[in-house]
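Reproduced below: entry-v6.cif, with mmCIF, C-alpha atoms.
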```
data_protein
loop_
_atom_site.label_atom_id
_atom_site.label_comp_id
_atom_site.auth_asym_id
_atom_site.auth_seq_id
_atom_site.Cartn_x
_atom_site.Cartn_y
_atom_site.Cartn_z
CA MET A 1 -33.42 261.48 301.33
CA ILE A 2 -32.07 265.00 301.72
CA HIS A 3 -28.33 265.62 301.46
CA LEU A 4 -26.12 268.62 302.05
CA LEU A 5 -24.65 269.50 298.67
CA SER A 6 -22.49 272.48 299.57
CA ALA A 7 -21.76 275.25 302.04
CA THR A 8 -19.66 277.99 300.47
CA VAL A 9 -18.60 281.57 301.15
CA GLU A 10 -19.27 284.37 298.68
CA ARG A 11 -18.07 287.97 298.83
CA TRP A 12 -20.34 290.77 297.59
CA PRO A 13 -19.26 294.42 297.24
CA VAL A 14 -21.13 297.19 299.03
CA ALA A 15 -22.18 300.26 297.06
CA GLY A 16 -19.78 302.81 298.55
CA ALA A 17 -19.43 301.98 302.24
CA PHE A 18 -21.82 300.92 305.00
CA ILE A 19 -20.84 302.84 308.13
CA ILE A 20 -22.10 302.34 311.69
CA SER A 21 -20.63 303.20 315.09
CA ARG A 22 -18.59 299.95 315.09
CA GLY A 23 -16.87 300.67 311.76
CA ALA A 24 -17.25 300.63 307.96
CA LYS A 25 -17.76 297.77 305.52
CA THR A 26 -16.97 297.87 301.81
CA ASP A 27 -18.00 294.26 301.16
CA VAL A 28 -19.87 291.46 302.89
CA ASP A 29 -19.15 287.73 303.06
CA VAL A 30 -22.18 285.46 303.06
CA VAL A 31 -22.50 281.70 303.51
CA VAL A 32 -24.62 279.92 300.91
CA CYS A 33 -26.01 276.49 301.73
CA THR A 34 -27.37 274.07 299.12
CA VAL A 35 -29.37 270.93 299.88
CA GLY A 36 -30.96 268.42 297.53
CA ASP A 37 -32.87 265.16 297.27
CA GLY A 38 -31.63 264.00 293.88
CA THR A 39 -34.42 265.80 292.05
CA TYR A 40 -34.84 269.20 293.64
CA VAL A 41 -32.33 271.65 295.09
CA GLY A 42 -32.87 274.27 297.80
CA ARG A 43 -30.67 277.23 298.72
CA GLY A 44 -30.34 279.48 301.73
CA GLU A 45 -28.04 282.35 302.67
CA GLY A 46 -26.76 283.68 305.97
CA THR A 47 -24.60 286.62 307.02
CA ALA A 48 -22.34 286.06 310.00
CA ILE A 49 -23.21 287.98 313.17
CA TYR A 50 -19.82 289.63 313.38
CA TYR A 51 -20.39 291.32 316.76
CA GLU A 52 -20.81 287.84 318.26
CA GLY A 53 -17.61 286.58 316.70
CA GLU A 54 -19.16 284.68 313.80
CA THR A 55 -17.38 284.53 310.43
CA ALA A 56 -18.69 283.33 307.10
CA GLU A 57 -15.97 280.68 306.97
CA GLY A 58 -16.89 279.47 310.45
CA CYS A 59 -20.55 279.28 309.47
CA ALA A 60 -19.75 277.23 306.37
CA ALA A 61 -17.66 274.88 308.49
CA ALA A 62 -20.47 274.53 311.02
CA ILE A 63 -22.93 273.56 308.28
CA ARG A 64 -20.52 270.94 306.91
CA ALA A 65 -19.96 269.58 310.41
CA TYR A 66 -23.66 269.26 311.23
CA ALA A 67 -24.46 265.57 311.68
CA GLY A 68 -28.09 265.72 312.78
CA PRO A 69 -31.19 265.09 310.67
CA LEU A 70 -31.70 267.49 307.76
CA GLU A 71 -35.11 268.54 309.00
CA ARG A 72 -36.12 272.00 310.21
CA GLN A 73 -37.35 271.07 313.68
CA ALA A 74 -34.24 268.97 314.25
CA LEU A 75 -32.07 271.99 313.51
CA LEU A 76 -33.67 273.85 316.42
CA LYS A 77 -32.55 271.07 318.77
CA HIS A 78 -29.15 270.17 317.37
CA MET A 79 -27.71 273.41 316.00
CA PRO A 80 -27.15 276.73 317.80
CA ARG A 81 -28.84 279.88 316.56
CA GLY A 82 -26.90 282.02 314.13
CA ALA A 83 -26.17 282.50 310.47
CA ALA A 84 -25.17 278.87 309.83
CA ARG A 85 -28.51 277.56 311.05
CA ASN A 86 -30.28 280.31 309.14
CA ALA A 87 -28.69 279.33 305.82
CA LEU A 88 -29.47 275.64 306.35
CA ASP A 89 -33.01 276.25 307.62
CA CYS A 90 -33.86 278.49 304.65
CA ALA A 91 -32.34 275.97 302.22
CA LEU A 92 -34.65 273.31 303.66
CA TRP A 93 -37.69 275.61 303.30
CA ASP A 94 -36.69 276.31 299.68
CA LEU A 95 -36.33 272.60 298.95
CA GLU A 96 -39.67 271.82 300.59
CA ALA A 97 -41.40 274.46 298.47
CA LYS A 98 -39.94 273.10 295.25
CA ARG A 99 -40.89 269.54 296.14
CA ALA A 100 -44.43 270.62 296.95
CA GLY A 101 -44.75 272.91 293.94
CA ALA A 102 -46.07 275.61 296.28
CA PRO A 103 -44.57 278.83 297.67
CA VAL A 104 -43.15 278.90 301.19
CA TRP A 105 -45.83 281.33 302.36
CA GLN A 106 -48.47 278.69 301.66
CA LEU A 107 -46.48 275.91 303.35
CA ALA A 108 -46.08 278.14 306.43
CA SER A 109 -49.81 279.06 306.46
CA LEU A 110 -49.02 282.74 305.91
CA CYS A 111 -50.88 285.34 303.92
CA GLN A 112 -49.73 285.96 300.36
CA PRO A 113 -46.90 288.48 300.64
CA ALA A 114 -47.41 292.03 299.45
CA PRO A 115 -44.77 294.60 298.42
CA LEU A 116 -43.03 296.02 301.48
CA PRO A 117 -42.34 299.67 302.38
CA THR A 118 -38.78 299.06 303.50
CA ALA A 119 -36.61 301.58 305.27
CA PHE A 120 -33.39 302.73 303.66
CA THR A 121 -30.33 303.03 305.87
CA ILE A 122 -28.53 306.35 306.18
CA SER A 123 -24.99 305.40 307.16
CA LEU A 124 -23.19 307.17 309.97
CA GLY A 125 -21.43 310.35 308.84
CA ASP A 126 -21.16 314.05 309.50
CA PRO A 127 -24.45 315.99 309.33
CA ALA A 128 -23.87 317.30 305.80
CA THR A 129 -23.13 313.85 304.46
CA MET A 130 -26.19 312.34 306.13
CA GLU A 131 -28.36 315.20 304.89
CA ALA A 132 -27.25 314.57 301.31
CA ALA A 133 -27.83 310.81 301.67
CA ALA A 134 -31.31 311.42 303.08
CA ARG A 135 -32.19 313.74 300.21
CA THR A 136 -31.06 311.13 297.68
CA ALA A 137 -32.98 308.32 299.39
CA ALA A 138 -36.16 310.37 299.58
CA GLY A 139 -35.75 311.18 295.90
CA ARG A 140 -35.65 307.45 295.17
CA GLY A 141 -39.05 307.06 296.82
CA PHE A 142 -38.11 305.83 300.29
CA ALA A 143 -40.67 307.08 302.79
CA LEU A 144 -38.91 305.57 305.84
CA LEU A 145 -35.26 306.25 306.66
CA LYS A 146 -33.20 304.46 309.29
CA CYS A 147 -30.35 306.61 310.58
CA LYS A 148 -27.22 305.16 312.16
CA LEU A 149 -26.09 307.03 315.28
CA THR A 150 -23.06 306.99 317.54
CA GLY A 151 -24.07 308.58 320.86
CA GLU A 152 -22.24 311.83 320.12
CA GLY A 153 -23.65 314.62 317.97
CA ASP A 154 -26.75 312.63 317.16
CA ARG A 155 -29.15 315.53 317.44
CA ALA A 156 -27.26 317.50 314.79
CA ARG A 157 -27.22 314.48 312.52
CA ILE A 158 -30.98 313.97 312.76
CA ALA A 159 -31.68 317.67 312.31
CA ALA A 160 -29.66 317.47 309.08
CA VAL A 161 -31.47 314.33 307.92
CA ARG A 162 -34.80 316.01 308.61
CA ALA A 163 -33.69 318.98 306.50
CA GLY A 164 -32.73 316.65 303.69
CA ALA A 165 -35.93 314.60 303.82
CA PRO A 166 -38.61 316.77 305.48
CA ASP A 167 -41.49 314.40 304.67
CA ALA A 168 -39.83 311.07 305.47
CA ARG A 169 -40.58 308.94 308.49
CA LEU A 170 -37.45 308.50 310.61
CA ILE A 171 -36.22 305.74 312.89
CA VAL A 172 -32.76 305.59 314.43
CA ASP A 173 -30.32 302.86 315.40
CA ALA A 174 -28.07 303.78 318.30
CA ASN A 175 -26.13 300.49 317.99
CA GLU A 176 -25.67 300.29 321.80
CA SER A 177 -24.05 303.75 321.96
CA TRP A 178 -26.38 305.58 324.37
CA HIS A 179 -25.32 303.77 327.55
CA ASP A 180 -23.70 306.90 329.03
CA LEU A 181 -26.52 309.27 327.99
CA ASP A 182 -29.80 310.36 329.52
CA ILE A 183 -31.83 308.09 327.25
CA ALA A 184 -35.18 309.72 327.93
CA ALA A 185 -33.80 313.21 327.23
CA GLU A 186 -32.00 312.07 324.08
CA ALA A 187 -35.13 310.34 322.82
CA GLN A 188 -37.21 313.45 323.53
CA ALA A 189 -34.84 315.61 321.49
CA LEU A 190 -35.13 313.23 318.56
CA ALA A 191 -38.89 312.93 318.97
CA ASP A 192 -39.07 316.69 318.56
CA LEU A 193 -37.39 316.18 315.17
CA GLY A 194 -39.98 313.62 314.13
CA VAL A 195 -38.16 310.38 314.99
CA GLU A 196 -40.63 307.61 315.79
CA MET A 197 -38.48 304.80 317.24
CA VAL A 198 -35.03 304.18 318.78
CA GLU A 199 -33.27 300.87 318.21
CA GLN A 200 -30.90 299.33 320.77
CA PRO A 201 -29.86 302.33 322.90
CA VAL A 202 -27.98 300.21 325.49
CA ILE A 203 -25.33 297.50 325.39
CA HIS A 204 -26.80 294.01 325.11
CA GLY A 205 -26.52 292.25 328.41
CA GLN A 206 -26.99 295.59 330.22
CA GLU A 207 -30.71 295.94 329.63
CA VAL A 208 -31.11 296.83 333.32
CA ALA A 209 -29.99 300.33 332.30
CA LEU A 210 -33.49 300.85 330.88
CA ALA A 211 -35.26 300.15 334.17
CA GLY A 212 -37.34 303.17 335.07
CA VAL A 213 -36.61 304.99 331.79
CA ARG A 214 -39.72 306.70 330.48
CA ALA A 215 -38.82 307.48 326.90
CA PRO A 216 -41.29 309.32 324.63
CA LEU A 217 -40.46 306.92 321.79
CA PRO A 218 -40.66 303.14 321.52
CA LEU A 219 -37.36 301.45 322.34
CA CYS A 220 -36.60 298.44 320.15
CA ALA A 221 -34.33 295.54 321.11
CA ASP A 222 -31.93 294.39 318.40
CA GLU A 223 -28.68 292.98 319.78
CA SER A 224 -30.63 292.19 322.97
CA CYS A 225 -33.14 289.94 321.17
CA HIS A 226 -32.28 286.87 319.14
CA THR A 227 -34.93 284.19 319.74
CA SER A 228 -38.23 283.85 321.57
CA ALA A 229 -36.30 282.71 324.66
CA ASP A 230 -35.05 286.29 325.10
CA LEU A 231 -38.44 287.96 325.39
CA GLU A 232 -38.95 287.34 329.10
CA ARG A 233 -36.06 289.63 330.07
CA LEU A 234 -36.94 292.46 327.67
CA GLY A 235 -39.80 294.04 329.59
CA ASP A 236 -38.23 297.51 329.45
CA PHE A 237 -38.31 297.47 325.65
CA ASP A 238 -41.40 298.22 323.60
CA ALA A 239 -40.45 296.38 320.42
CA VAL A 240 -38.11 293.72 319.07
CA ASN A 241 -36.14 293.59 315.83
CA ILE A 242 -36.35 290.14 314.25
CA LYS A 243 -33.49 289.13 311.98
CA LEU A 244 -33.20 285.66 310.51
CA ASP A 245 -29.46 285.47 311.12
CA LYS A 246 -29.95 286.23 314.81
CA ALA A 247 -32.91 283.87 315.15
CA GLY A 248 -31.19 281.08 313.24
CA GLY A 249 -33.65 280.73 310.39
CA LEU A 250 -37.14 281.38 309.14
CA THR A 251 -38.59 278.70 311.43
CA GLU A 252 -37.50 280.42 314.64
CA ALA A 253 -38.12 283.91 313.23
CA LEU A 254 -41.80 283.08 312.67
CA ALA A 255 -42.03 281.64 316.19
CA LEU A 256 -40.39 284.78 317.61
CA ARG A 257 -42.81 287.03 315.73
CA GLN A 258 -45.82 285.20 317.17
CA ALA A 259 -44.40 285.10 320.69
CA ALA A 260 -43.53 288.81 320.58
CA ARG A 261 -47.01 289.77 319.50
CA ASP A 262 -48.53 287.53 322.16
CA ARG A 263 -46.51 289.45 324.78
CA GLY A 264 -47.52 292.85 323.45
CA PHE A 265 -44.27 293.82 321.74
CA ARG A 266 -44.32 295.78 318.53
CA VAL A 267 -42.38 294.11 315.75
CA MET A 268 -39.60 295.29 313.49
CA VAL A 269 -38.07 292.98 310.89
CA GLY A 270 -34.52 293.77 309.86
CA CYS A 271 -31.55 292.16 308.17
CA MET A 272 -27.82 292.06 307.89
CA LEU A 273 -26.05 293.05 304.69
CA GLY A 274 -26.60 290.31 302.13
CA THR A 275 -28.10 289.43 298.78
CA SER A 276 -31.77 288.94 297.94
CA LEU A 277 -31.36 285.21 298.61
CA GLY A 278 -31.09 286.11 302.30
CA ILE A 279 -33.68 288.90 302.20
CA ALA A 280 -36.46 286.91 300.49
CA PRO A 281 -37.36 284.71 303.50
CA ALA A 282 -37.21 287.72 305.83
CA ALA A 283 -39.81 289.41 303.63
CA LEU A 284 -42.30 286.74 304.72
CA VAL A 285 -41.71 287.54 308.39
CA ALA A 286 -42.01 291.26 307.64
CA GLN A 287 -45.59 291.10 306.40
CA GLY A 288 -47.64 293.25 308.79
CA ALA A 289 -44.63 294.39 310.84
CA ASP A 290 -44.62 297.84 312.46
CA TRP A 291 -41.25 298.72 310.91
CA ILE A 292 -39.53 297.00 308.01
CA ASP A 293 -35.81 297.37 307.35
CA LEU A 294 -34.91 294.98 304.55
CA ASP A 295 -32.53 297.06 302.47
CA GLY A 296 -29.54 294.73 302.95
CA ALA A 297 -29.39 293.84 299.26
CA LEU A 298 -30.19 297.37 298.12
CA LEU A 299 -26.96 298.53 299.76
CA LEU A 300 -24.85 296.22 297.57
CA ALA A 301 -23.18 297.20 294.33
CA ARG A 302 -24.89 294.26 292.61
CA ASP A 303 -27.30 291.44 293.42
CA ARG A 304 -28.26 287.98 292.20
CA ASP A 305 -30.40 287.11 289.20
CA GLY A 306 -34.05 286.95 290.22
CA ALA A 307 -33.43 289.50 292.99
CA LEU A 308 -36.07 291.46 294.83
CA THR A 309 -36.68 294.74 293.06
CA LEU A 310 -37.55 298.24 294.25
CA ALA A 311 -40.38 300.38 292.91
CA ASP A 312 -41.54 303.61 294.57
CA GLY A 313 -39.86 302.63 297.82
CA LEU A 314 -41.62 299.24 297.88
CA LEU A 315 -39.66 295.99 297.89
CA GLN A 316 -41.17 293.66 295.29
CA PRO A 317 -40.92 289.84 295.51
CA GLY A 318 -38.20 288.14 293.48
CA SER A 319 -38.02 284.63 292.04
CA LEU A 320 -34.78 283.18 293.37
CA TRP A 321 -36.09 281.56 296.60
CA GLY A 322 -39.14 279.80 297.95
CA ALA A 323 -40.83 278.78 294.66
CA GLY A 324 -42.01 282.34 294.00
#
```
What would the structure in this file look like if it were written as structure tokens?
Amino acid sequence: MIHLLSATVERWPVAGAFIISRGAKTDVDVVVCTVGDGTYVGRGEGTAIYYEGETAEGCAAAIRAYAGPLERQALLKHMPRGAARNALDCALWDLEAKRAGAPVWQLASLCQPAPLPTAFTISLGDPATMEAAARTAAGRGFALLKCKLTGEGDRARIAAVRAGAPDARLIVDANESWHDLDIAAEAQALADLGVEMVEQPVIHGQEVALAGVRAPLPLCADESCHTSADLERLGDFDAVNIKLDKAGGLTEALALRQAARDRGFRVMVGCMLGTSLGIAPAALVAQGADWIDLDGALLLARDRDGALTLADGLLQPGSLWGAG
């Protein structure tokens, strides 16, 4: 019989600061869930979706309060989506893999995971600062950069990033800040600078603002898309960003990936800030994705033992989750 062993909060420092249009973070709190059957132990990690009011402490409390069956399909019925369900769902996958003596990718009937060309996030800053950050990231081998924007002065920022990393692929995250702009015109200006995708230009819940917009770049839903139930109302987007914390676990994230592809959406797989314990299951969903943004642990000052490693801009599998 499976039992919940613990649900605890850990704080991990960010390397420098992670800055987006909503503010800066110098550390991140994660919830770590541990389950066991008396012989084997499984772990999962979640990062609270702060813009929806979640906290790590609240997620830990929700896991402790869960009274339903400790079984992945039961979680989908008895627990709301979010970081708490993600941590518990991933802990159950990890336990299942250890009991079976097989990696999660085999249990989920997935292809063996390959190293991933992850994006590296360029935090919001003035053009000179972003240019310097882009130059450093490109020098580390990152071929794809994700630039945080704010809806004001974005063209100058991207021009600076392009100067700092002339050969890099660029995607941008507007973080809902383009709602008062001519989205098509703004996207065209960035396309001229080599940007290939715009993430979440409008405020979630106000997706109607995209009706009739003919942007020259794919528009990707992030805050607007959490689970497969959201896809029906996202017809004005071209792509969806799948994050395990939003979806509420690997189980729903895999279902969302399949449903999105069935509906013709392109797929991005992203993450919140967190350690490699939270990134490792997302790396399974990211196999074959159009854009991969799994640098959440790379932005920390330190990581766990057995962490995913980086080589030539490729994220290499670690050993701390999912039986390898």
I need the output of the PyMOL selection byres ((chain A and resi 260) around 12) for this file as a PDB file with C-alpha atoms, keeping the file's coordinate frame; which residues are they?
```
ATOM      1  CA  CYS A 220     -36.600 298.440 320.150  1.00  0.00           C
ATOM      2  CA  ALA A 221     -34.330 295.540 321.110  1.00  0.00           C
ATOM      3  CA  CYS A 225     -33.140 289.940 321.170  1.00  0.00           C
ATOM      4  CA  HIS A 226     -32.280 286.870 319.140  1.00  0.00           C
ATOM      5  CA  THR A 227     -34.930 284.190 319.740  1.00  0.00           C
ATOM      6  CA  SER A 228     -38.230 283.850 321.570  1.00  0.00           C
ATOM      7  CA  ALA A 229     -36.300 282.710 324.660  1.00  0.00           C
ATOM      8  CA  ASP A 230     -35.050 286.290 325.100  1.00  0.00           C
ATOM      9  CA  LEU A 231     -38.440 287.960 325.390  1.00  0.00           C
ATOM     10  CA  GLU A 232     -38.950 287.340 329.100  1.00  0.00           C
ATOM     11  CA  LEU A 234     -36.940 292.460 327.670  1.00  0.00           C
ATOM     12  CA  GLY A 235     -39.800 294.040 329.590  1.00  0.00           C
ATOM     13  CA  PHE A 237     -38.310 297.470 325.650  1.00  0.00           C
ATOM     14  CA  ASP A 238     -41.400 298.220 323.600  1.00  0.00           C
ATOM     15  CA  ALA A 239     -40.450 296.380 320.420  1.00  0.00           C
ATOM     16  CA  VAL A 240     -38.110 293.720 319.070  1.00  0.00           C
ATOM     17  CA  ASN A 241     -36.140 293.590 315.830  1.00  0.00           C
ATOM     18  CA  ILE A 242     -36.350 290.140 314.250  1.00  0.00           C
ATOM     19  CA  GLU A 252     -37.500 280.420 314.640  1.00  0.00           C
ATOM     20  CA  ALA A 253     -38.120 283.910 313.230  1.00  0.00           C
ATOM     21  CA  LEU A 254     -41.800 283.080 312.670  1.00  0.00           C
ATOM     22  CA  ALA A 255     -42.030 281.640 316.190  1.00  0.00           C
ATOM     23  CA  LEU A 256     -40.390 284.780 317.610  1.00  0.00           C
ATOM     24  CA  ARG A 257     -42.810 287.030 315.730  1.00  0.00           C
ATOM     25  CA  GLN A 258     -45.820 285.200 317.170  1.00  0.00           C
ATOM     26  CA  ALA A 259     -44.400 285.100 320.690  1.00  0.00           C
ATOM     27  CA  ARG A 261     -47.010 289.770 319.500  1.00  0.00           C
ATOM     28  CA  ASP A 262     -48.530 287.530 322.160  1.00  0.00           C
ATOM     29  CA  ARG A 263     -46.510 289.450 324.780  1.00  0.00           C
ATOM     30  CA  GLY A 264     -47.520 292.850 323.450  1.00  0.00           C
ATOM     31  CA  PHE A 265     -44.270 293.820 321.740  1.00  0.00           C
ATOM     32  CA  ARG A 266     -44.320 295.780 318.530  1.00  0.00           C
ATOM     33  CA  VAL A 267     -42.380 294.110 315.750  1.00  0.00           C
ATOM     34  CA  MET A 268     -39.600 295.290 313.490  1.00  0.00           C
ATOM     35  CA  VAL A 269     -38.070 292.980 310.890  1.00  0.00           C
ATOM     36  CA  ALA A 289     -44.630 294.390 310.840  1.00  0.00           C
TER      37      ALA A 289
END
```
Taking the file above as input, evaluate the PyMOL selection byres ((chain A and resi 248) around 12) and report the hits as a ChimeraX atom specification.
-> /A:44-49,59,72-73,75-90,226-228,242-247,249-256,282
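Residue nearest Leu314 of chain A, chosen from A:Ala211, A:Ala65, A:Leu298, A:Cys147 and counting all atoms listed in the file: A:Leu298.
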Counting only C-alpha atoms, which residues come within 9 Å of (-39.9, 307.5, 302.3), with the point read in the file's coordinates, and could you list them as an MDAnalysis selection string?
-> chainID A and resid 117:120 137:145 165 167:170 312:313
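Picture a line from atom CA of Gly270 of chain A to atom CA of Val285 of chain A; it runs 9.6 Å.
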Could you check how far atom CA of Ala102 of chain A sits from atom CA of Cys271 of chain A, in Å to one decimal?
-> 25.0 Å
Counting all atoms listed in the file, figure out which residue out of A:Val202, A:Val161, A:Leu217, A:Ala189 gets nearest to Ala134 of chain A.
-> A:Val161
If you apply the PyMOL selection byres ((chain A and resi 171) around 6) to this file, what residues do you get, as a list in words?
-> Lys146, Leu170, Val172, Val195, Glu196 and Met197 of chain A
Could you tell me which of A:Leu210, A:Asp154, A:Leu4, A:Pro115 comes closest to Gly288 of chain A if we count all atoms listed in the file?
->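 Of A:Leu210, A:Asp154, A:Leu4, A:Pro115, the one nearest Gly288 of chain A is A:Pro115, counting all atoms listed in the file.
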Tell me, in Å to one decimal, how far atom CA of His3 of chain A is from atom CA of Pro113 of chain A.
-> 29.5 Å
A:Gly164, A:Ala114, A:Ala323, A:Leu300 ranked by distance to Ala97 of chain A, top pick (using only C-alpha atoms) |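 Residue with the minimum atom-to-atom distance to Ala97 of chain A: A:Ala323.
In terms of minimum interatomic distance to Thr39 of chain A, A:Ile2 ranks closest within A:Ile2, A:Glu10, A:Lys25, A:Gly53, counting all atoms listed in the file.
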Considering all atoms listed in the file, state which residue in the set A:Asp37, A:Asp290, A:Asp303, A:Glu176 is at the smallest distance from Tyr51 of chain A.
->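 Of all the options, A:Glu176 lies closest to Tyr51 of chain A.
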Leaving out Arg155 of chain A and any residue of its chain fewer than 5 positions from it, which residues lie within 12 Å of it when counting all atoms listed in the file, given as number ranges by chain?
-> A: 126-127, 147-150, 160-162, 172, 174, 185-195
